[in-house]
Amino acid sequence: FVVPDERMSLPPGLTQVDPAIAQQLAAGGGGPNGMPTQQDVAQAQQKQVEQEQMRADLLVRILSPEAKERLSRIALVKPDKAKRLEEMVIGMARSGRLQGKLDDGQLKRFLEQIEAGGGGGGGCRRRGRRR
């Protein structure tokens, strides 16, 4: 979610705000005309940074070094696919379906599941011929 209004004055370096946080800010903006204040935006940014740090810490505990390296490489090329893979792994760990650290081979199998589930293709593909 890119902030469309320059009057919101984001802190330096922040160009995007998590959609859920943006919705909270819009609902409870403390500034004039219901606009979020700079303090609200800074708090939202801090909360988003903390959530990302917790996610990264959890992945370090779940993944072997090789699997973490593979996930990092995937994120460089296909960030959306890496995000889905992270969500899948974190969800399985939270539900207790993972025992021990996830190795590279297991991560590859999860990646194949994501690709088989429709996440593999990027864009629209034409099937068949037009008549």
# chains A, B, ... in the order shown; residues from 1 in each chain; ligands from 1
call {"tool": "residues_around", "arguments": {"residues": "Lys81 of chain A", "least_positions_apart": "3", "cutoff": "9 Å", "atoms": "only C-alpha atoms", "output": "list in words"}}
result
Ile74, Ala75, Val77, Lys78, Arg84, Leu85, Glu86, Leu111, Ile114, Glu115, Gly119 and Gly120 of chain A
call {"tool": "write_last_selection", "arguments": {"atoms": "N, CA, C and O atoms", "output": "JSON list (two decimals), in the first residue's frame"}}
result
[["chain", "number", "residue", "atom", "x", "y", "z"],
["A", 74, "ILE", "N", 15.46, -17.25, -3.12],
["A", 74, "ILE", "CA", 14.13, -17.22, -3.74],
["A", 74, "ILE", "C", 13.52, -15.83, -3.58],
["A", 74, "ILE", "O", 12.92, -15.29, -4.51],
["A", 75, "ALA", "N", 13.71, -15.24, -2.39],
["A", 75, "ALA", "CA", 13.13, -13.91, -2.12],
["A", 75, "ALA", "C", 13.71, -12.85, -3.05],
["A", 75, "ALA", "O", 13.03, -11.87, -3.38],
["A", 77, "VAL", "N", 14.52, -13.28, -6.20],
["A", 77, "VAL", "CA", 13.97, -13.45, -7.54],
["A", 77, "VAL", "C", 12.45, -13.37, -7.55],
["A", 77, "VAL", "O", 11.85, -12.73, -8.41],
["A", 78, "LYS", "N", 11.82, -14.04, -6.59],
["A", 78, "LYS", "CA", 10.35, -14.10, -6.52],
["A", 78, "LYS", "C", 9.89, -13.82, -5.10],
["A", 78, "LYS", "O", 9.60, -14.74, -4.33],
["A", 84, "ARG", "N", 4.93, -16.57, 0.46],
["A", 84, "ARG", "CA", 3.99, -17.69, 0.63],
["A", 84, "ARG", "C", 4.68, -18.87, 1.30],
["A", 84, "ARG", "O", 4.09, -19.55, 2.15],
["A", 85, "LEU", "N", 5.92, -19.12, 0.91],
["A", 85, "LEU", "CA", 6.68, -20.22, 1.49],
["A", 85, "LEU", "C", 6.93, -19.96, 2.98],
["A", 85, "LEU", "O", 6.76, -20.85, 3.81],
["A", 86, "GLU", "N", 7.29, -18.73, 3.32],
["A", 86, "GLU", "CA", 7.49, -18.36, 4.73],
["A", 86, "GLU", "C", 6.21, -18.58, 5.52],
["A", 86, "GLU", "O", 6.24, -19.13, 6.62],
["A", 111, "LEU", "N", 8.26, -25.88, -1.60],
["A", 111, "LEU", "CA", 8.28, -25.00, -2.76],
["A", 111, "LEU", "C", 7.56, -25.66, -3.94],
["A", 111, "LEU", "O", 6.79, -25.01, -4.65],
["A", 114, "ILE", "N", 3.86, -25.35, -3.48],
["A", 114, "ILE", "CA", 3.39, -24.01, -3.82],
["A", 114, "ILE", "C", 3.30, -23.84, -5.33],
["A", 114, "ILE", "O", 2.31, -23.32, -5.85],
["A", 115, "GLU", "N", 4.32, -24.32, -6.04],
["A", 115, "GLU", "CA", 4.31, -24.21, -7.50],
["A", 115, "GLU", "C", 3.19, -25.04, -8.11],
["A", 115, "GLU", "O", 2.54, -24.62, -9.06],
["A", 119, "GLY", "N", 0.92, -21.34, -7.86],
["A", 119, "GLY", "CA", 1.80, -20.22, -7.61],
["A", 119, "GLY", "C", 3.00, -20.19, -8.51],
["A", 119, "GLY", "O", 3.81, -19.29, -8.44],
["A", 120, "GLY", "N", 3.14, -21.16, -9.41],
["A", 120, "GLY", "CA", 4.35, -21.24, -10.21],
["A", 120, "GLY", "C", 4.39, -20.28, -11.37],
["A", 120, "GLY", "O", 5.42, -19.69, -11.65]]
call {"tool": "residues_around", "arguments": {"residues": "segment 91-107 of chain A", "least_positions_apart": "4", "cutoff": "8 Å", "atoms": "only C-alpha atoms", "output": "PyMOL selection string"}}
result
chain A and resi 61-64+66-67+70+87+111
call {"tool": "closest_residue", "arguments": {"among": "A:Arg109, A:Asp40, A:Glu52, A:Pro65", "to": "Lys83 of chain A", "atoms": "only C-alpha atoms"}}
result
A:Glu52
call {"tool": "closest_residue", "arguments": {"among": "A:Ala116, A:Ile90, A:Leu71, A:Val41", "to": "Asp57 of chain A", "atoms": "only C-alpha atoms"}}
result
A:Ile90
call {"tool": "atom_distance", "arguments": {"atom1": "atom CA of Val89 of chain A", "atom2": "atom CA of Arg55 of chain A"}}
result
11.0 Å
call {"tool": "atom_distance", "arguments": {"atom1": "atom CA of Lys68 of chain A", "atom2": "atom CA of Gln51 of chain A"}}
result
18.4 Å
